[in-house]
Every structure is written in structure tokens, then in C-alpha cells.
Amino acid sequence: MIVSGTFVLAGCAAPTAKLNSNDQVELRRRAMEGLKAAVGYRDNAVVRVEAIEALNGRELNESAPWIRSALLDDHPAVRFAACVAIGEARDAGAGAGISQCLRDPNASVRVSALFARHRLGYTERTGDLAGYYLHDSDAMVRRNAAMVLGLLGEKDAVKVLAKGMKDADAGVRDHALEAMARLGNREARQELTFMTGAGLGSDEVFAINALAATGDPAYMETFRYKLNTASHLETQLAAARGLGLLHSDEGFEPAMRALRLEQPTRSDPQDPAEGQILRTRQLAAAALGAIGRMDALPALEKLLNDYGDPRVQVSAARAILDILDAQRRNAMPFSTGSRGEWPVTPVGGRGR
């Protein structure tokens, strides 16, 4: 339930130094319950979006009802996230809700519904995505269209995406670059590699997360270099996550230290301390979730129990689930749950 601006997890106890199997089952249950509660968190749509993204990739039978319910949310960003999650999950049971979203008054929601319909096997209108991407008057719609074109997995979309690289909006160009890299375009990946040395934290985090989404081990040394040399903590944490996704725990200790950070690493009047700490904790949790070490669970559990900011709780819940679900998959290497894919959603990059 939601109380005083935060969601309350039943049975919150002090985290133990080491979690036995029963503790792990209970911790996973509380993390899932927290995310389900966050889908209904009325005070902040960002919390609801992040909860949906965190539920994406879980067992379909335990996540689908809450993601489907978000198709009826009053905020278009939440409906957009729900459509994307349904498309990535290929949740055929949500077909009627997706059809309704095709008529949504918000163009970005319609874009995400077209993506979901394509993933469900209805491709007759997929070509409309190019029109939204190239011609819509709203830059946010063009950004979102670029994003879903990358998620489609159709390499031919690179030709369409390349046409938008002259868009007046920098966000559209960034989303197109990321989408083309995801689809295997070498030039886009080279440009992102160059951006990892931009010197601006937000640019570096964006570029590293975009490269990490490709899953290409060729970027191991790039991530390792940024982990050890970057001047921005956010860049180091993004690199730690990238290494974690490539099965390296080199960023574990920096991520653990960042998770406990109480003060910002720099003074910047344009970047308030509260925002820096939030961003750092979210990136640290994402890195630990990708690294997958069980000894991160007590610290993440402590963050899950902290009612200071529900966005941090969602990040902690997501990391806990990432770690425990990876352990479960490793124990059953020939099982992939309710569907044969485990999508990874970028974290800590630029806003949609």
C-alpha cells in the first residue's frame, strides 16, 4: 500500500549479513510486492514508469496483470512504458488493451502500441512508425519512435533511422544513434565509443549504456577504461554496469561504495545535491543488479527498506530481482522462464 508518499513493504526487518535460501525467497517476494505497489504510486508518474520497466522481463504470470493495468493509467508516459513492456514480453493476453492504445490521444502511446502490435505478430501498420519518426511535429514523439524502431530488431530500420540523424532535436539524434547501434550499425557504435570520452557525465553515461545494450563483448576494454579513469562517478557506475552485463564484477566495490553515498561528489548549483545522490544510488543499484553478486543483497535490502524516496526503492527492488532471478536461471540453465528472452532496459541514460 502507499503511505505518506512512499510504498510500504510488509514485514520489513533489519537486513542480515548473509541471506539463506528462505531469506532470499522472502526478499524476492518483498521486492516484487514493492514494484507492484509502485505501479499504483499516484504521487509521481516517474515511479510508475520505473516500476513497469523493472517488472519487464520477469515471469509473465507474476508481472503481466500489473503491466496490463498500466495501459489505463492517466499519464501517457506510463501507458507508453506499459505498451513497450507488453511488446517486449510478447504478452498476447494484452492484445485488446494494445488495440485500444492504437487510438490513444497521445502520439507517443500510439507509437508504442504499434511496436507492441508488431511484436504480437500484427505487422500491417508497422510502417507507420517511420512516419512518426521522420515527420511528427513533436520531438518527443520522434524520440520515442526512434527508440521503438531500435527495439523492433529489424536491421532494415537502420536506413530509416539514418535519415533522422540530421534532426534539429539532439534527443532525436541520440535516440537514433542508440537504436542504430542496437541494430548492429558499426558507424553508430563508433560514434558512441567516441562519446564515452566526451567529458560530460550525462553524455558519457548515455553512450556507455547504449553500448552496453548491444551486449557486445568488444566494449569490455572501453568499460574497464572508463571505470578506472572517468572523472564523473556516474560514468564509473555506468561502466560498472556495462562490465556486469559482460559477466565481470570489476565494478562491484565502487558500486557498493556509491550505494552508501550520503553526500554528492561535487558542488554544482545547476545539479542539486538531492538529485546527484538519487542518480548515484540508482546507477549503483543498476550496476550491482547487472554484476549479480549475492553479497550485494543485504545493502540493497537496506535501500529497499528506506522510505526516503520511492525511486530509490524501485531501483533497489529491480537490482534484487536481477540478482536473484539470474541465480535461479543459472541453477536451471535450460530454462528461461515463461518466455525465451530476458530483455535488459537501459538505466541512467537520457529521459524519454
# chains A, B, ... in the order shown; residues from 1 in each chain; ligands from 1

$ closest_atom_pairs --of "range 216-316 of chain A" --to "range 189-203 of chain A" --cutoff "9 Å" --atoms "only C-alpha atoms" --output "JSON lines"
{"residue": "A:Tyr219", "atom": "CA", "partner": "A:Thr193", "partner_atom": "CA", "distance": 8.5}
{"residue": "A:Thr222", "atom": "CA", "partner": "A:Thr193", "partner_atom": "CA", "distance": 7.7}
{"residue": "A:Phe223", "atom": "CA", "partner": "A:Thr196", "partner_atom": "CA", "distance": 9.0}
{"residue": "A:Lys226", "atom": "CA", "partner": "A:Thr196", "partner_atom": "CA", "distance": 7.8}
{"residue": "A:Ala230", "atom": "CA", "partner": "A:Gly199", "partner_atom": "CA", "distance": 8.3}
{"residue": "A:Ser231", "atom": "CA", "partner": "A:Gly199", "partner_atom": "CA", "distance": 8.0}
{"residue": "A:His232", "atom": "CA", "partner": "A:Gly201", "partner_atom": "CA", "distance": 5.8}
{"residue": "A:Leu233", "atom": "CA", "partner": "A:Gly201", "partner_atom": "CA", "distance": 8.3}
{"residue": "A:Glu234", "atom": "CA", "partner": "A:Gly201", "partner_atom": "CA", "distance": 6.6}
{"residue": "A:Thr235", "atom": "CA", "partner": "A:Gly201", "partner_atom": "CA", "distance": 6.0}

$ write_last_selection --atoms "N, CA and C atoms" --output "compact mmCIF listing (two decimals), in the first residue's frame"
# COMPACT_ATOMS: atom_id res chain seq x y z
N TYR A 219 33.32 -4.24 -26.19
CA TYR A 219 33.40 -2.99 -25.45
C TYR A 219 33.88 -3.20 -24.02
N THR A 222 36.63 -0.77 -23.22
CA THR A 222 36.09 0.59 -23.11
C THR A 222 35.47 0.80 -21.73
N PHE A 223 34.66 -0.15 -21.29
CA PHE A 223 34.02 -0.03 -19.98
C PHE A 223 35.07 -0.07 -18.86
N LYS A 226 36.86 3.30 -18.63
CA LYS A 226 36.04 4.36 -18.03
C LYS A 226 35.82 4.11 -16.54
N ALA A 230 37.43 7.57 -15.41
CA ALA A 230 36.43 8.63 -15.58
C ALA A 230 36.42 9.58 -14.39
N SER A 231 36.27 10.85 -14.67
CA SER A 231 36.23 11.85 -13.59
C SER A 231 34.86 11.95 -12.95
N HIS A 232 33.83 11.47 -13.61
CA HIS A 232 32.46 11.52 -13.07
C HIS A 232 32.08 10.16 -12.49
N LEU A 233 31.58 10.17 -11.26
CA LEU A 233 31.16 8.93 -10.62
C LEU A 233 30.06 8.24 -11.42
N GLU A 234 29.14 9.04 -11.98
CA GLU A 234 28.06 8.45 -12.77
C GLU A 234 28.60 7.64 -13.95
N THR A 235 29.66 8.14 -14.58
CA THR A 235 30.28 7.42 -15.69
C THR A 235 30.90 6.11 -15.20

$ select_by_dssp --residues "range 216-286 of chain A" --states "alpha helix (DSSP H)" --output "PyMOL selection string"
chain A and resi 220-229+233-245+252-259+273-286

$ residues_around --residues "Gly87 in chain A" --least-positions-apart "6" --cutoff "8 Å" --atoms "only C-alpha atoms" --output "mmCIF file with N, CA and C atoms, in the first residue's frame"
data_model
loop_
_atom_site.group_PDB
_atom_site.id
_atom_site.type_symbol
_atom_site.label_atom_id
_atom_site.label_comp_id
_atom_site.auth_asym_id
_atom_site.auth_seq_id
_atom_site.Cartn_x
_atom_site.Cartn_y
_atom_site.Cartn_z
ATOM 1 N N PHE A 115 4.520 -0.719 -31.857
ATOM 2 C CA PHE A 115 5.615 -1.629 -31.536
ATOM 3 C C PHE A 115 5.077 -2.925 -30.935
ATOM 4 N N ALA A 116 4.189 -2.784 -29.942
ATOM 5 C CA ALA A 116 3.643 -3.978 -29.290
ATOM 6 C C ALA A 116 2.875 -4.838 -30.283
ATOM 7 N N ARG A 117 2.081 -4.221 -31.135
ATOM 8 C CA ARG A 117 1.329 -4.982 -32.142
ATOM 9 C C ARG A 117 2.274 -5.742 -33.063
ATOM 10 N N HIS A 118 3.354 -5.111 -33.464
ATOM 11 C CA HIS A 118 4.335 -5.787 -34.322
ATOM 12 C C HIS A 118 4.891 -7.018 -33.616
ATOM 13 N N ARG A 119 5.228 -6.871 -32.358
ATOM 14 C CA ARG A 119 5.796 -7.988 -31.599
ATOM 15 C C ARG A 119 4.775 -9.100 -31.365
ATOM 16 N N LEU A 120 3.507 -8.744 -31.405
ATOM 17 C CA LEU A 120 2.459 -9.754 -31.267
ATOM 18 C C LEU A 120 2.081 -10.396 -32.600
#

$ residues_around --residues "range 207-218 of chain A" --least-positions-apart "6" --cutoff "10 Å" --atoms "only C-alpha atoms" --output "ChimeraX atom specification"
/A:174-175,177-184,188-198,201,226,235-247,343-350

$ write_last_selection --atoms "C-alpha atoms" --output "JSON list (two decimals), in the first residue's frame"
[["chain", "number", "residue", "atom", "x", "y", "z"],
["A", 174, "ASP", "CA", 20.77, 10.45, -29.69],
["A", 175, "HIS", "CA", 17.84, 8.02, -29.72],
["A", 177, "LEU", "CA", 22.18, 6.67, -32.69],
["A", 178, "GLU", "CA", 21.36, 4.29, -29.85],
["A", 179, "ALA", "CA", 18.78, 2.46, -31.95],
["A", 180, "MET", "CA", 21.17, 2.00, -34.86],
["A", 181, "ALA", "CA", 23.88, 0.71, -32.52],
["A", 182, "ARG", "CA", 21.42, -1.77, -31.06],
["A", 183, "LEU", "CA", 20.68, -2.97, -34.60],
["A", 184, "GLY", "CA", 24.38, -3.56, -35.25],
["A", 188, "ALA", "CA", 26.74, 4.30, -34.78],
["A", 189, "ARG", "CA", 28.76, 2.15, -32.40],
["A", 190, "GLN", "CA", 31.93, 4.01, -33.32],
["A", 191, "GLU", "CA", 30.24, 7.35, -32.64],
["A", 192, "LEU", "CA", 29.04, 6.12, -29.24],
["A", 193, "THR", "CA", 32.53, 4.89, -28.40],
["A", 194, "PHE", "CA", 33.82, 8.37, -29.18],
["A", 195, "MET", "CA", 31.12, 9.88, -26.93],
["A", 196, "THR", "CA", 32.31, 7.84, -23.94],
["A", 197, "GLY", "CA", 35.22, 10.30, -23.78],
["A", 198, "ALA", "CA", 33.07, 13.42, -24.13],
["A", 201, "GLY", "CA", 28.89, 13.00, -17.43],
["A", 226, "LYS", "CA", 36.04, 4.36, -18.03],
["A", 235, "THR", "CA", 30.28, 7.42, -15.69],
["A", 236, "GLN", "CA", 32.16, 4.95, -13.50],
["A", 237, "LEU", "CA", 28.90, 3.39, -12.36],
["A", 238, "ALA", "CA", 27.58, 3.09, -15.91],
["A", 239, "ALA", "CA", 30.85, 1.38, -16.84],
["A", 240, "ALA", "CA", 30.50, -0.95, -13.84],
["A", 241, "ARG", "CA", 27.06, -1.93, -15.10],
["A", 242, "GLY", "CA", 28.38, -2.48, -18.63],
["A", 243, "LEU", "CA", 31.09, -4.76, -17.25],
["A", 244, "GLY", "CA", 28.50, -6.58, -15.14],
["A", 245, "LEU", "CA", 26.38, -7.30, -18.19],
["A", 246, "LEU", "CA", 29.51, -8.85, -19.71],
["A", 247, "HIS", "CA", 29.95, -11.05, -16.61],
["A", 343, "PRO", "CA", 15.37, -8.15, -22.01],
["A", 344, "VAL", "CA", 17.57, -5.55, -20.36],
["A", 345, "THR", "CA", 16.29, -2.00, -20.17],
["A", 346, "PRO", "CA", 18.89, 0.75, -20.17],
["A", 347, "VAL", "CA", 19.19, 2.66, -16.94],
["A", 348, "GLY", "CA", 20.56, 6.04, -16.14],
["A", 349, "GLY", "CA", 20.61, 7.39, -19.67],
["A", 350, "ARG", "CA", 18.67, 10.34, -21.01]]

$ decode --residues "range 189-322 of chain A" --atoms "C-alpha atoms" --output "compact mmCIF listing (two decimals), in the first residue's frame"
# COMPACT_ATOMS: atom_id res chain seq x y z
CA ARG A 189 28.76 2.15 -32.40
CA GLN A 190 31.93 4.01 -33.32
CA GLU A 191 30.24 7.35 -32.64
CA LEU A 192 29.04 6.12 -29.24
CA THR A 193 32.53 4.89 -28.40
CA PHE A 194 33.82 8.37 -29.18
CA MET A 195 31.12 9.88 -26.93
CA THR A 196 32.31 7.84 -23.94
CA GLY A 197 35.22 10.30 -23.78
CA ALA A 198 33.07 13.42 -24.13
CA GLY A 199 33.99 14.71 -20.68
CA LEU A 200 30.34 15.48 -19.89
CA GLY A 201 28.89 13.00 -17.43
CA SER A 202 25.44 12.73 -18.98
CA ASP A 203 26.86 12.17 -22.47
CA GLU A 204 29.26 9.52 -21.20
CA VAL A 205 26.57 7.68 -19.24
CA PHE A 206 24.27 7.73 -22.25
CA ALA A 207 26.97 6.38 -24.57
CA ILE A 208 28.09 3.64 -22.19
CA ASN A 209 24.52 2.49 -21.56
CA ALA A 210 23.83 2.46 -25.28
CA LEU A 211 26.91 0.34 -25.93
CA ALA A 212 26.04 -1.95 -23.02
CA ALA A 213 22.62 -2.56 -24.58
CA THR A 214 24.33 -4.14 -27.60
CA GLY A 215 25.70 -6.94 -25.43
CA ASP A 216 28.91 -6.89 -27.47
CA PRO A 217 31.98 -8.05 -25.50
CA ALA A 218 34.13 -5.91 -27.80
CA TYR A 219 33.40 -2.99 -25.45
CA MET A 220 34.82 -4.69 -22.36
CA GLU A 221 38.03 -2.64 -22.51
CA THR A 222 36.09 0.59 -23.11
CA PHE A 223 34.02 -0.03 -19.98
CA ARG A 224 37.08 -1.06 -17.98
CA TYR A 225 38.94 2.09 -19.00
CA LYS A 226 36.04 4.36 -18.03
CA LEU A 227 35.58 2.56 -14.72
CA ASN A 228 39.19 3.27 -13.79
CA THR A 229 39.72 6.73 -15.28
CA ALA A 230 36.43 8.63 -15.58
CA SER A 231 36.23 11.85 -13.59
CA HIS A 232 32.46 11.52 -13.07
CA LEU A 233 31.16 8.93 -10.62
CA GLU A 234 28.06 8.45 -12.77
CA THR A 235 30.28 7.42 -15.69
CA GLN A 236 32.16 4.95 -13.50
CA LEU A 237 28.90 3.39 -12.36
CA ALA A 238 27.58 3.09 -15.91
CA ALA A 239 30.85 1.38 -16.84
CA ALA A 240 30.50 -0.95 -13.84
CA ARG A 241 27.06 -1.93 -15.10
CA GLY A 242 28.38 -2.48 -18.63
CA LEU A 243 31.09 -4.76 -17.25
CA GLY A 244 28.50 -6.58 -15.14
CA LEU A 245 26.38 -7.30 -18.19
CA LEU A 246 29.51 -8.85 -19.71
CA HIS A 247 29.95 -11.05 -16.61
CA SER A 248 32.72 -9.06 -14.93
CA ASP A 249 32.45 -7.93 -11.30
CA GLU A 250 35.28 -5.37 -11.53
CA GLY A 251 32.88 -2.56 -10.66
CA PHE A 252 31.46 -4.24 -7.57
CA GLU A 253 33.35 -2.30 -4.88
CA PRO A 254 32.86 1.16 -6.49
CA ALA A 255 29.15 0.40 -6.86
CA MET A 256 28.85 -0.72 -3.24
CA ARG A 257 30.56 2.47 -2.03
CA ALA A 258 28.31 4.62 -4.22
CA LEU A 259 25.21 2.87 -2.93
CA ARG A 260 26.00 4.13 0.58
CA LEU A 261 26.93 7.65 -0.51
CA GLU A 262 25.36 10.33 1.68
CA GLN A 263 26.94 13.43 0.13
CA PRO A 264 27.28 14.49 -3.53
CA THR A 265 30.67 14.09 -5.15
CA ARG A 266 30.75 17.64 -6.49
CA SER A 267 29.23 21.07 -5.89
CA ASP A 268 27.14 22.26 -8.81
CA PRO A 269 24.38 24.89 -8.46
CA GLN A 270 22.79 23.52 -11.63
CA ASP A 271 22.73 19.98 -10.20
CA PRO A 272 21.32 19.94 -6.64
CA ALA A 273 22.76 17.53 -4.11
CA GLU A 274 19.49 15.63 -3.77
CA GLY A 275 19.41 14.89 -7.48
CA GLN A 276 23.04 13.79 -7.53
CA ILE A 277 22.54 11.35 -4.66
CA LEU A 278 19.36 9.94 -6.23
CA ARG A 279 21.07 9.43 -9.57
CA THR A 280 24.16 7.90 -7.96
CA ARG A 281 22.14 5.40 -5.93
CA GLN A 282 20.04 4.40 -8.91
CA LEU A 283 23.11 3.87 -11.09
CA ALA A 284 24.88 1.96 -8.31
CA ALA A 285 21.86 -0.31 -7.82
CA ALA A 286 21.68 -0.93 -11.58
CA ALA A 287 25.38 -1.82 -11.64
CA LEU A 288 25.00 -4.26 -8.75
CA GLY A 289 21.98 -5.85 -10.38
CA ALA A 290 23.97 -6.40 -13.58
CA ILE A 291 27.01 -7.73 -11.70
CA GLY A 292 24.78 -10.22 -9.92
CA ARG A 293 26.79 -10.93 -6.77
CA MET A 294 24.73 -12.26 -3.89
CA ASP A 295 26.77 -10.34 -1.32
CA ALA A 296 25.18 -7.12 -2.60
CA LEU A 297 21.76 -8.23 -1.38
CA PRO A 298 21.98 -7.02 2.27
CA ALA A 299 22.92 -3.48 1.15
CA LEU A 300 20.19 -3.46 -1.48
CA GLU A 301 17.70 -4.77 1.07
CA LYS A 302 18.58 -1.87 3.34
CA LEU A 303 17.85 0.53 0.49
CA LEU A 304 14.59 -1.29 -0.24
CA ASN A 305 13.54 -0.64 3.36
CA ASP A 306 14.42 3.07 3.19
CA TYR A 307 11.24 5.10 2.71
CA GLY A 308 13.08 8.31 1.82
CA ASP A 309 12.47 8.12 -1.93
CA PRO A 310 10.34 5.54 -3.78
CA ARG A 311 12.51 5.90 -6.90
CA VAL A 312 15.45 4.50 -4.92
CA GLN A 313 13.25 1.72 -3.56
CA VAL A 314 12.24 0.77 -7.10
CA SER A 315 15.89 0.72 -8.18
CA ALA A 316 16.79 -1.48 -5.21
CA ALA A 317 13.88 -3.84 -5.90
CA ARG A 318 14.90 -4.14 -9.54
CA ALA A 319 18.52 -4.93 -8.63
CA ILE A 320 17.44 -7.54 -6.07
CA LEU A 321 15.27 -9.25 -8.65
CA ASP A 322 18.02 -9.09 -11.26
